[in-house]
file model.csv (CSV, N, CA and C atoms)
chain,number,residue,atom,x,y,z
E,108,MET,N,15.4,161.3,148.7
E,108,MET,CA,15.0,160.2,149.6
E,108,MET,C,15.8,160.3,150.9
E,109,THR,N,15.1,160.1,152.0
E,109,THR,CA,15.8,160.1,153.3
E,109,THR,C,16.6,158.9,153.5
E,110,PRO,N,17.8,159.0,153.9
E,110,PRO,CA,18.6,157.7,154.1
E,110,PRO,C,17.9,156.9,155.2
E,111,ALA,N,18.1,155.6,155.0
E,111,ALA,CA,17.5,154.6,155.9
E,111,ALA,C,18.4,154.7,157.2
E,112,ARG,N,17.7,154.3,158.3
E,112,ARG,CA,18.3,154.3,159.6
E,112,ARG,C,18.4,152.9,160.1
E,113,ILE,N,19.4,152.5,160.8
E,113,ILE,CA,19.5,151.1,161.4
E,113,ILE,C,20.2,151.2,162.7
E,114,LEU,N,19.6,150.4,163.6
E,114,LEU,CA,20.2,150.3,165.0
E,114,LEU,C,20.7,148.8,165.1
E,115,LEU,N,22.0,148.7,165.4
E,115,LEU,CA,22.7,147.4,165.5
E,115,LEU,C,22.9,147.1,167.0
E,116,ILE,N,22.4,146.0,167.5
E,116,ILE,CA,22.5,145.7,168.9
E,116,ILE,C,23.3,144.4,169.1
E,117,HIS,N,24.5,144.6,169.7
E,117,HIS,CA,25.4,143.4,169.9
E,117,HIS,C,24.9,142.5,171.0
E,118,GLY,N,25.5,141.3,171.0
E,118,GLY,CA,25.1,140.2,171.9
E,118,GLY,C,25.9,140.2,173.2
E,119,LEU,N,25.6,139.2,174.0
E,119,LEU,CA,26.3,138.9,175.2
E,119,LEU,C,27.8,138.6,175.0
E,120,GLY,N,28.7,139.2,175.7
E,120,GLY,CA,30.1,139.0,175.6
E,120,GLY,C,30.7,139.7,174.3
E,121,GLU,N,29.9,140.4,173.6
E,121,GLU,CA,30.4,141.1,172.4
E,121,GLU,C,30.6,142.6,172.7
E,122,SER,N,30.8,143.4,171.7
E,122,SER,CA,30.9,144.8,171.8
E,122,SER,C,30.4,145.4,170.5
E,123,ALA,N,30.4,146.7,170.4
E,123,ALA,CA,30.0,147.4,169.2
E,123,ALA,C,31.0,147.0,168.1
E,124,LEU,N,32.2,146.6,168.4
E,124,LEU,CA,33.2,146.3,167.4
E,124,LEU,C,32.8,145.2,166.5
E,125,CYS,N,31.9,144.3,167.0
E,125,CYS,CA,31.5,143.1,166.1
E,125,CYS,C,30.7,143.6,164.9
E,126,PHE,N,30.2,144.8,164.9
E,126,PHE,CA,29.5,145.3,163.7
E,126,PHE,C,30.3,146.3,162.9
E,127,LEU,N,31.6,146.5,163.2
E,127,LEU,CA,32.4,147.5,162.5
E,127,LEU,C,32.3,147.4,161.0
E,128,GLY,N,32.5,146.2,160.4
E,128,GLY,CA,32.5,146.0,159.0
E,128,GLY,C,31.1,146.3,158.4
E,129,LEU,N,30.0,145.9,159.1
E,129,LEU,CA,28.7,146.1,158.6
E,129,LEU,C,28.4,147.6,158.7
E,130,LYS,N,28.8,148.3,159.8
E,130,LYS,CA,28.6,149.7,159.9
E,130,LYS,C,29.2,150.5,158.8
E,131,ASP,N,30.4,150.1,158.5
E,131,ASP,CA,31.1,150.8,157.4
E,131,ASP,C,30.5,150.6,156.0
E,132,ALA,N,30.1,149.4,155.8
E,132,ALA,CA,29.4,149.1,154.5
E,132,ALA,C,28.1,149.8,154.4
E,133,LEU,N,27.3,149.8,155.4
E,133,LEU,CA,26.0,150.5,155.4
E,133,LEU,C,26.2,152.0,155.3
E,134,SER,N,27.1,152.6,156.0
E,134,SER,CA,27.4,154.0,156.0
E,134,SER,C,27.8,154.4,154.5
E,135,LEU,N,28.6,153.6,153.9
E,135,LEU,CA,29.0,154.0,152.5
E,135,LEU,C,27.8,154.0,151.6
E,136,ARG,N,26.8,153.3,151.9
E,136,ARG,CA,25.6,153.2,151.0
E,136,ARG,C,24.5,154.3,151.5
E,137,GLY,N,24.9,155.1,152.4
E,137,GLY,CA,24.0,156.2,152.8
E,137,GLY,C,23.1,156.0,154.0
E,138,TRP,N,23.3,154.8,154.6
E,138,TRP,CA,22.5,154.5,155.8
E,138,TRP,C,23.0,155.3,157.0
E,139,GLU,N,22.1,155.7,157.9
E,139,GLU,CA,22.5,156.3,159.2
E,139,GLU,C,22.5,155.1,160.1
E,140,VAL,N,23.7,154.9,160.7
E,140,VAL,CA,24.0,153.6,161.5
E,140,VAL,C,24.2,154.0,162.9
E,141,PHE,N,23.5,153.3,163.8
E,141,PHE,CA,23.7,153.5,165.2
E,141,PHE,C,24.2,152.1,165.8
E,142,VAL,N,25.4,152.2,166.5
E,142,VAL,CA,25.9,150.9,167.1
E,142,VAL,C,26.3,151.3,168.5
E,143,PRO,N,25.3,151.3,169.4
E,143,PRO,CA,25.6,151.6,170.8
E,143,PRO,C,26.4,150.5,171.5
E,144,GLU,N,27.3,150.9,172.4
E,144,GLU,CA,28.0,150.0,173.2
E,144,GLU,C,27.1,149.8,174.5
E,145,LEU,N,26.6,148.6,174.7
E,145,LEU,CA,25.8,148.4,175.9
E,145,LEU,C,26.6,148.5,177.2
E,146,PRO,N,26.0,149.1,178.2
E,146,PRO,CA,26.7,149.2,179.5
E,146,PRO,C,27.2,147.8,180.0
E,147,GLY,N,28.4,147.7,180.4
E,147,GLY,CA,29.0,146.5,180.9
E,147,GLY,C,29.8,145.8,179.8
E,148,TYR,N,29.9,146.4,178.6
E,148,TYR,CA,30.6,145.8,177.5
E,148,TYR,C,31.5,146.8,176.9
E,149,GLY,N,32.6,146.2,176.2
E,149,GLY,CA,33.5,147.0,175.4
E,149,GLY,C,34.0,148.3,176.1
E,150,GLN,N,33.8,149.4,175.5
E,150,GLN,CA,34.3,150.7,176.1
E,150,GLN,C,33.5,151.1,177.3
E,151,ARG,N,32.3,150.5,177.5
E,151,ARG,CA,31.5,150.8,178.7
E,151,ARG,C,31.5,149.7,179.7
E,152,ARG,N,32.6,148.9,179.7
E,152,ARG,CA,32.6,147.7,180.6
E,152,ARG,C,32.6,148.1,182.0
E,153,ASN,N,33.0,149.3,182.4
E,153,ASN,CA,33.0,149.7,183.8
E,153,ASN,C,31.7,150.3,184.2
E,154,HIS,N,30.7,150.3,183.4
E,154,HIS,CA,29.3,150.7,183.7
E,154,HIS,C,28.5,149.5,184.1
E,155,PRO,N,27.7,149.6,185.1
E,155,PRO,CA,26.8,148.4,185.5
E,155,PRO,C,25.9,148.0,184.3
E,156,PRO,N,25.9,146.7,184.0
E,156,PRO,CA,25.1,146.3,182.8
E,156,PRO,C,23.6,146.6,182.9
E,157,GLY,N,23.0,146.5,184.0
E,157,GLY,CA,21.6,146.7,184.2
E,157,GLY,C,20.7,145.6,183.6
E,158,SER,N,19.4,145.7,183.8
E,158,SER,CA,18.5,144.7,183.4
E,158,SER,C,18.1,144.8,182.0
E,159,PHE,N,17.4,143.9,181.4
E,159,PHE,CA,16.9,144.0,180.0
E,159,PHE,C,16.0,145.2,179.9
E,160,ASP,N,15.2,145.5,180.9
E,160,ASP,CA,14.3,146.6,180.8
E,160,ASP,C,15.1,147.9,180.7
E,161,THR,N,16.2,148.0,181.5
E,161,THR,CA,17.0,149.2,181.5
E,161,THR,C,17.7,149.4,180.1
E,162,LEU,N,18.2,148.3,179.6
E,162,LEU,CA,18.9,148.3,178.3
E,162,LEU,C,17.9,148.7,177.2
E,163,VAL,N,16.7,148.2,177.2
E,163,VAL,CA,15.7,148.5,176.2
E,163,VAL,C,15.3,150.0,176.3
E,164,THR,N,15.2,150.5,177.5
E,164,THR,CA,14.9,151.9,177.7
E,164,THR,C,16.0,152.8,177.0
E,165,GLU,N,17.2,152.4,177.3
E,165,GLU,CA,18.4,153.1,176.7
E,165,GLU,C,18.3,153.0,175.2
E,166,LEU,N,18.1,151.8,174.6
E,166,LEU,CA,18.1,151.6,173.2
E,166,LEU,C,16.9,152.4,172.5
E,167,ALA,N,15.8,152.6,173.2
E,167,ALA,CA,14.7,153.3,172.7
E,167,ALA,C,15.1,154.7,172.3
E,168,SER,N,16.1,155.3,172.9
E,168,SER,CA,16.5,156.7,172.6
E,168,SER,C,17.0,156.8,171.2
E,169,TYR,N,17.3,155.7,170.6
E,169,TYR,CA,17.8,155.8,169.2
E,169,TYR,C,16.6,155.8,168.2
E,170,LEU,N,15.4,155.5,168.6
E,170,LEU,CA,14.3,155.4,167.8
E,170,LEU,C,13.5,156.8,167.7
E,171,THR,N,14.2,157.8,167.2
E,171,THR,CA,13.7,159.1,167.0
E,171,THR,C,13.0,159.3,165.7
E,172,ALA,N,13.2,158.3,164.8
E,172,ALA,CA,12.6,158.3,163.5
E,172,ALA,C,12.4,156.8,163.1
E,173,PRO,N,11.7,156.5,162.1
E,173,PRO,CA,11.5,155.1,161.7
E,173,PRO,C,12.9,154.4,161.4
E,174,THR,N,13.1,153.3,162.1
E,174,THR,CA,14.5,152.7,162.1
E,174,THR,C,14.3,151.2,161.9
E,175,VAL,N,15.3,150.6,161.2
E,175,VAL,CA,15.5,149.2,161.1
E,175,VAL,C,16.3,148.7,162.3
E,176,VAL,N,15.9,147.7,163.0
E,176,VAL,CA,16.6,147.2,164.2
E,176,VAL,C,17.2,145.8,163.8
E,177,LEU,N,18.4,145.6,164.1
E,177,LEU,CA,19.1,144.3,163.9
E,177,LEU,C,19.8,144.0,165.3
E,178,GLY,N,19.4,142.8,165.8
E,178,GLY,CA,20.0,142.3,167.1
E,178,GLY,C,20.6,141.0,166.9
E,179,HIS,N,21.8,140.8,167.5
E,179,HIS,CA,22.6,139.6,167.4
E,179,HIS,C,22.5,138.9,168.8
E,180,SER,N,22.2,137.7,168.9
E,180,SER,CA,22.2,136.9,170.1
E,180,SER,C,21.3,137.6,171.2
E,181,MET,N,21.9,138.0,172.3
E,181,MET,CA,21.2,138.7,173.3
E,181,MET,C,20.6,140.0,172.8
E,182,GLY,N,21.3,140.6,171.8
E,182,GLY,CA,20.8,141.8,171.1
E,182,GLY,C,19.5,141.5,170.4
E,183,GLY,N,19.3,140.2,170.0
E,183,GLY,CA,18.0,139.8,169.4
E,183,GLY,C,16.9,139.8,170.3
E,184,VAL,N,17.1,139.4,171.6
E,184,VAL,CA,16.1,139.5,172.6
E,184,VAL,C,15.8,140.9,172.9
E,185,LEU,N,16.8,141.7,173.1
E,185,LEU,CA,16.6,143.2,173.4
E,185,LEU,C,15.8,143.8,172.2
E,186,GLY,N,16.2,143.5,171.0
E,186,GLY,CA,15.5,144.0,169.8
E,186,GLY,C,14.0,143.6,169.8
E,187,THR,N,13.7,142.3,170.1
E,187,THR,CA,12.4,141.9,170.2
E,187,THR,C,11.5,142.7,171.2
E,188,ILE,N,12.1,142.9,172.4
E,188,ILE,CA,11.4,143.7,173.4
E,188,ILE,C,11.2,145.1,172.9
E,189,LEU,N,12.3,145.7,172.3
E,189,LEU,CA,12.2,147.0,171.8
E,189,LEU,C,11.1,147.2,170.7
E,190,CYS,N,11.0,146.2,169.8
E,190,CYS,CA,10.0,146.3,168.8
E,190,CYS,C,8.6,146.2,169.3
E,191,VAL,N,8.4,145.4,170.3
E,191,VAL,CA,7.1,145.3,170.9
E,191,VAL,C,6.7,146.6,171.6
E,192,ARG,N,7.6,147.2,172.3
E,192,ARG,CA,7.3,148.4,173.1
E,192,ARG,C,7.3,149.6,172.2
E,193,HIS,N,8.0,149.6,171.1
E,193,HIS,CA,8.1,150.9,170.3
E,193,HIS,C,7.8,150.6,168.8
E,194,GLN,N,6.8,149.9,168.6
E,194,GLN,CA,6.5,149.4,167.2
E,194,GLN,C,6.3,150.6,166.2
E,195,LYS,N,5.8,151.7,166.6
E,195,LYS,CA,5.6,152.8,165.7
E,195,LYS,C,6.9,153.3,165.1
E,196,HIS,N,8.0,153.1,165.7
E,196,HIS,CA,9.3,153.6,165.2
E,196,HIS,C,10.1,152.5,164.5
E,197,VAL,N,9.7,151.3,164.4
E,197,VAL,CA,10.5,150.2,163.9
E,197,VAL,C,10.0,149.9,162.5
E,198,LEU,N,10.8,150.0,161.5
E,198,LEU,CA,10.5,149.7,160.1
E,198,LEU,C,10.6,148.2,159.9
E,199,ALA,N,11.6,147.6,160.4
E,199,ALA,CA,11.8,146.1,160.3
E,199,ALA,C,12.7,145.7,161.4
E,200,PHE,N,12.7,144.3,161.6
E,200,PHE,CA,13.5,143.8,162.7
E,200,PHE,C,14.2,142.5,162.1
E,201,LEU,N,15.5,142.5,162.3
E,201,LEU,CA,16.3,141.3,161.9
E,201,LEU,C,16.9,140.7,163.2
E,202,ASN,N,16.6,139.4,163.4
E,202,ASN,CA,17.1,138.8,164.6
E,202,ASN,C,18.1,137.7,164.2
E,203,VAL,N,19.4,138.0,164.4
E,203,VAL,CA,20.5,137.2,164.0
E,203,VAL,C,21.0,136.3,165.1
E,204,GLU,N,20.6,135.0,165.1
E,204,GLU,CA,21.0,134.1,166.1
E,204,GLU,C,20.5,134.5,167.5
E,205,GLY,N,19.4,135.2,167.5
E,205,GLY,CA,18.9,135.6,168.8
E,205,GLY,C,17.7,134.7,169.2
E,206,ASN,N,17.3,134.9,170.4
E,206,ASN,CA,16.1,134.2,171.0
E,206,ASN,C,14.9,134.9,170.6
E,207,LEU,N,13.8,134.2,170.6
E,207,LEU,CA,12.5,134.9,170.3
E,207,LEU,C,11.7,135.4,171.5
E,208,SER,N,12.1,134.9,172.6
E,208,SER,CA,11.4,135.4,173.8
E,208,SER,C,12.4,135.3,175.0
E,209,LEU,N,12.0,135.9,176.1
E,209,LEU,CA,12.8,135.9,177.3
E,209,LEU,C,13.0,134.4,177.8
E,210,ASP,N,12.0,133.6,177.6
E,210,ASP,CA,12.0,132.2,178.1
E,210,ASP,C,13.0,131.4,177.3
E,211,ASP,N,13.4,131.8,176.1
E,211,ASP,CA,14.4,131.1,175.3
E,211,ASP,C,15.8,131.5,175.6
E,212,CYS,N,16.0,132.5,176.5
E,212,CYS,CA,17.3,133.0,176.8
E,212,CYS,C,18.1,132.2,177.8
E,213,SER,N,18.5,131.0,177.5
E,213,SER,CA,19.2,130.1,178.4
E,213,SER,C,20.4,130.8,179.0
E,214,PHE,N,21.3,131.2,178.1
E,214,PHE,CA,22.6,131.8,178.6
E,214,PHE,C,22.4,133.2,179.1
E,215,SER,N,21.7,134.0,178.2
E,215,SER,CA,21.6,135.4,178.6
E,215,SER,C,20.9,135.7,179.9
E,216,SER,N,19.9,134.9,180.2
E,216,SER,CA,19.1,135.1,181.4
E,216,SER,C,20.0,134.7,182.6
E,217,ILE,N,20.9,133.7,182.5
E,217,ILE,CA,21.8,133.4,183.6
E,217,ILE,C,22.7,134.5,183.8
E,218,ALA,N,23.2,135.1,182.8
E,218,ALA,CA,24.2,136.2,182.9
E,218,ALA,C,23.5,137.4,183.5
E,219,GLU,N,22.2,137.7,183.2
E,219,GLU,CA,21.5,138.8,183.7
E,219,GLU,C,21.3,138.7,185.2
E,220,ARG,N,21.1,137.5,185.7
E,220,ARG,CA,20.9,137.3,187.2
E,220,ARG,C,22.2,137.3,188.0
E,221,GLN,N,23.4,137.2,187.3
E,221,GLN,CA,24.6,137.2,188.0
E,221,GLN,C,25.1,138.6,188.3
E,222,THR,N,25.9,138.7,189.4
E,222,THR,CA,26.6,139.9,189.6
E,222,THR,C,27.8,140.0,188.7
E,223,GLU,N,28.4,141.1,188.5
E,223,GLU,CA,29.5,141.3,187.6
E,223,GLU,C,30.7,140.4,188.0
E,224,ILE,N,30.9,140.3,189.3
E,224,ILE,CA,32.0,139.4,189.9
E,224,ILE,C,31.7,138.0,189.5
E,225,GLU,N,30.5,137.5,189.7
E,225,GLU,CA,30.1,136.1,189.4
E,225,GLU,C,30.3,135.8,187.9
E,226,PHE,N,29.9,136.8,187.1
E,226,PHE,CA,30.0,136.6,185.6
E,226,PHE,C,31.5,136.5,185.2
E,227,LEU,N,32.3,137.4,185.7
E,227,LEU,CA,33.7,137.5,185.3
E,227,LEU,C,34.4,136.2,185.8
E,228,LYS,N,34.0,135.7,187.0
E,228,LYS,CA,34.6,134.5,187.6
E,228,LYS,C,34.3,133.2,186.8
E,229,GLN,N,33.0,133.0,186.4
E,229,GLN,CA,32.6,131.8,185.8
E,229,GLN,C,31.9,131.9,184.5
E,230,GLY,N,31.5,133.1,184.1
E,230,GLY,CA,30.7,133.2,182.8
E,230,GLY,C,29.3,132.6,183.0
E,231,CYS,N,28.7,132.2,181.9
E,231,CYS,CA,27.4,131.7,181.9
E,231,CYS,C,27.4,130.1,182.0
E,232,LEU,N,28.0,129.6,183.0
E,232,LEU,CA,28.0,128.1,183.1
E,232,LEU,C,26.7,127.6,183.6
E,233,LEU,N,26.3,126.6,182.8
E,233,LEU,CA,25.0,125.9,183.2
E,233,LEU,C,25.4,124.7,184.0
E,234,THR,N,24.7,124.4,185.1
E,234,THR,CA,24.9,123.2,185.8
E,234,THR,C,24.0,122.1,185.2
E,235,ILE,N,24.7,121.0,184.7
E,235,ILE,CA,24.0,119.9,184.0
E,235,ILE,C,23.9,118.8,185.0
E,236,PRO,N,22.6,118.4,185.3
E,236,PRO,CA,22.4,117.3,186.3
E,236,PRO,C,23.0,116.0,185.9
call {"tool": "encode", "arguments": {"input": "model.csv", "output": "structure tokens"}}
result
Amino acid sequence: MTPARILLIHGLGESALCFLGLKDALSLRGWEVFVPELPGYGQRRNHPPGSFDTLVTELASYLTAPTVVLGHSMGGVLGTILCVRHQKHVLAFLNVEGNLSLDDCSFSSIAERQTEIEFLKQGCLLTIP
């Protein structure tokens, strides 16, 4: 039996480290686990983060065979888009505390529109009238 494949997508303000325990547990059970560090985060924090479209294009490179996709928070939105655009390679999708559409992305969409300097200075602050 071919080992199952899973792509774990971290959320806004996280890094691939948030999935370290899950990665180890799945690997011990024979899963092929992919935990990419998104540009602008963790070890790739010096890379420009890019748009959701850019991130989804990068994540699609992990779908070389049928894969389970798990996204947390902003990773859930990216996973949703990834699944819509690349359905033939997705076995299942788990959305952990993620949004269901781009319109639901209150905080993530604010962060996406900010420059890196703005985000580092204030984060995803919402102005409440």
call {"tool": "residues_around", "arguments": {"input": "model.csv", "residues": "Val140 (chain E)", "least_positions_apart": "6", "cutoff": "6.5 Å", "atoms": "all atoms listed in the file", "output": "MDAnalysis selection string"}}
result
chainID E and resid 111:115 130 134
call {"tool": "atom_distance", "arguments": {"input": "model.csv", "atom1": "CA of Ala199 (chain E)", "atom2": "CA of Ser158 (chain E)"}}
result
24.1 Å
call {"tool": "closest_residue", "arguments": {"input": "model.csv", "among": "E:Val184, E:Leu124, E:Val197, E:Ile224", "to": "Tyr169 (chain E)", "atoms": "only C-alpha atoms"}}
result
E:Val197
call {"tool": "atom_distance", "arguments": {"input": "model.csv", "atom1": "atom C of Leu135 (chain E)", "atom2": "CA of Val175 (chain E)"}}
result
16.3 Å
call {"tool": "atom_distance", "arguments": {"input": "model.csv", "atom1": "CA of His196 (chain E)", "atom2": "CA of Leu145 (chain E)"}}
result
20.3 Å
call {"tool": "closest_residue", "arguments": {"input": "model.csv", "among": "E:Phe200, E:Pro173, E:Gly137, E:Val142", "to": "Gly186 (chain E)", "atoms": "only C-alpha atoms"}}
result
E:Phe200
call {"tool": "select_by_dssp", "arguments": {"input": "model.csv", "residues": "region 108-144 of chain E", "states": "helix (DSSP H, G or I)", "output": "number ranges by chain"}}
result
E: 123-135
call {"tool": "closest_residue", "arguments": {"input": "model.csv", "among": "E:Asn202, E:Pro143, E:Lys195, E:Arg220", "to": "Leu166 (chain E)", "atoms": "all atoms listed in the file"}}
result
E:Pro143
call {"tool": "closest_residue", "arguments": {"input": "model.csv", "among": "E:Gly128, E:Leu133, E:Ile116, E:Gly147", "to": "Ala167 (chain E)", "atoms": "only C-alpha atoms"}}
result
E:Ile116
call {"tool": "decode", "arguments": {"input": "model.csv", "residues": "region 125-222 of chain E", "atoms": "C-alpha atoms", "output": "tab-separated table (two decimals), in the first residue's frame"}}
result
chain	number	residue	atom	x	y	z
E	125	CYS	CA	3.31	24.75	14.67
E	126	PHE	CA	2.92	21.35	12.98
E	127	LEU	CA	6.11	19.75	14.33
E	128	GLY	CA	4.33	17.29	16.67
E	129	LEU	CA	1.72	16.34	14.07
E	130	LYS	CA	4.41	15.89	11.42
E	131	ASP	CA	6.38	13.54	13.66
E	132	ALA	CA	3.29	11.51	14.61
E	133	LEU	CA	2.15	11.13	10.99
E	134	SER	CA	5.67	10.30	9.78
E	135	LEU	CA	5.95	7.52	12.36
E	136	ARG	CA	2.76	6.03	10.92
E	137	GLY	CA	4.16	6.00	7.38
E	138	TRP	CA	2.64	9.22	6.04
E	139	GLU	CA	4.63	11.35	3.62
E	140	VAL	CA	4.33	14.79	5.27
E	141	PHE	CA	4.95	18.17	3.65
E	142	VAL	CA	5.11	21.23	5.90
E	143	PRO	CA	6.24	24.18	3.79
E	144	GLU	CA	7.28	27.43	5.38
E	145	LEU	CA	5.29	30.13	3.61
E	146	PRO	CA	7.32	33.10	2.37
E	147	GLY	CA	7.32	35.89	4.93
E	148	TYR	CA	7.13	33.46	7.87
E	149	GLY	CA	9.52	31.48	10.08
E	150	GLN	CA	12.75	30.59	8.30
E	151	ARG	CA	11.52	32.37	5.17
E	152	ARG	CA	10.59	35.59	6.98
E	153	ASN	CA	13.01	37.58	4.80
E	154	HIS	CA	11.14	36.58	1.63
E	155	PRO	CA	8.25	38.76	0.45
E	156	PRO	CA	5.00	37.02	1.47
E	157	GLY	CA	3.17	37.54	-1.81
E	158	SER	CA	-0.54	37.34	-2.55
E	159	PHE	CA	-2.85	34.42	-1.86
E	160	ASP	CA	-2.62	33.53	-5.57
E	161	THR	CA	1.18	33.39	-5.38
E	162	LEU	CA	1.05	31.24	-2.24
E	163	VAL	CA	-1.49	28.83	-3.76
E	164	THR	CA	0.68	28.47	-6.87
E	165	GLU	CA	3.66	27.62	-4.66
E	166	LEU	CA	1.62	25.14	-2.58
E	167	ALA	CA	0.34	23.43	-5.74
E	168	SER	CA	3.88	22.18	-6.37
E	169	TYR	CA	3.36	19.70	-3.50
E	170	LEU	CA	0.40	18.09	-5.27
E	171	THR	CA	2.36	15.70	-7.48
E	172	ALA	CA	0.20	12.78	-6.33
E	173	PRO	CA	-3.13	12.45	-4.49
E	174	THR	CA	-2.70	14.35	-1.22
E	175	VAL	CA	-4.67	15.18	1.91
E	176	VAL	CA	-4.57	18.96	2.57
E	177	LEU	CA	-4.84	20.40	6.09
E	178	GLY	CA	-4.89	24.16	6.58
E	179	HIS	CA	-4.97	26.11	9.83
E	180	SER	CA	-6.44	29.62	9.99
E	181	MET	CA	-5.15	31.51	6.93
E	182	GLY	CA	-3.82	28.13	5.77
E	183	GLY	CA	-7.46	27.02	5.66
E	184	VAL	CA	-8.25	29.73	3.15
E	185	LEU	CA	-5.19	28.84	1.09
E	186	GLY	CA	-6.19	25.18	1.29
E	187	THR	CA	-9.73	25.97	0.13
E	188	ILE	CA	-8.41	27.83	-2.93
E	189	LEU	CA	-5.87	25.06	-3.57
E	190	CYS	CA	-8.60	22.42	-3.48
E	191	VAL	CA	-10.83	24.32	-5.89
E	192	ARG	CA	-8.02	24.87	-8.38
E	193	HIS	CA	-6.38	21.44	-8.08
E	194	GLN	CA	-9.22	19.07	-7.14
E	195	LYS	CA	-7.88	16.10	-9.07
E	196	HIS	CA	-4.87	15.88	-6.72
E	197	VAL	CA	-6.70	16.39	-3.40
E	198	LEU	CA	-7.92	13.31	-1.53
E	199	ALA	CA	-9.44	15.23	1.38
E	200	PHE	CA	-9.36	18.68	2.94
E	201	LEU	CA	-9.31	19.54	6.65
E	202	ASN	CA	-9.91	23.18	7.53
E	203	VAL	CA	-8.80	23.82	11.13
E	204	GLU	CA	-10.14	27.16	12.40
E	205	GLY	CA	-9.91	28.50	8.87
E	206	ASN	CA	-12.26	30.65	6.86
E	207	LEU	CA	-14.45	29.18	4.17
E	208	SER	CA	-14.02	31.95	1.62
E	209	LEU	CA	-11.89	35.00	0.97
E	210	ASP	CA	-14.80	37.18	2.13
E	211	ASP	CA	-14.56	35.54	5.58
E	212	CYS	CA	-10.90	36.52	5.99
E	213	SER	CA	-11.26	39.50	8.30
E	214	PHE	CA	-7.74	39.48	9.69
E	215	SER	CA	-5.90	37.64	6.93
E	216	SER	CA	-7.20	39.95	4.21
E	217	ILE	CA	-6.04	43.00	6.18
E	218	ALA	CA	-2.59	41.49	6.51
E	219	GLU	CA	-2.46	40.66	2.81
E	220	ARG	CA	-3.12	44.30	1.88
E	221	GLN	CA	-0.42	45.66	4.19
E	222	THR	CA	3.21	46.17	3.41
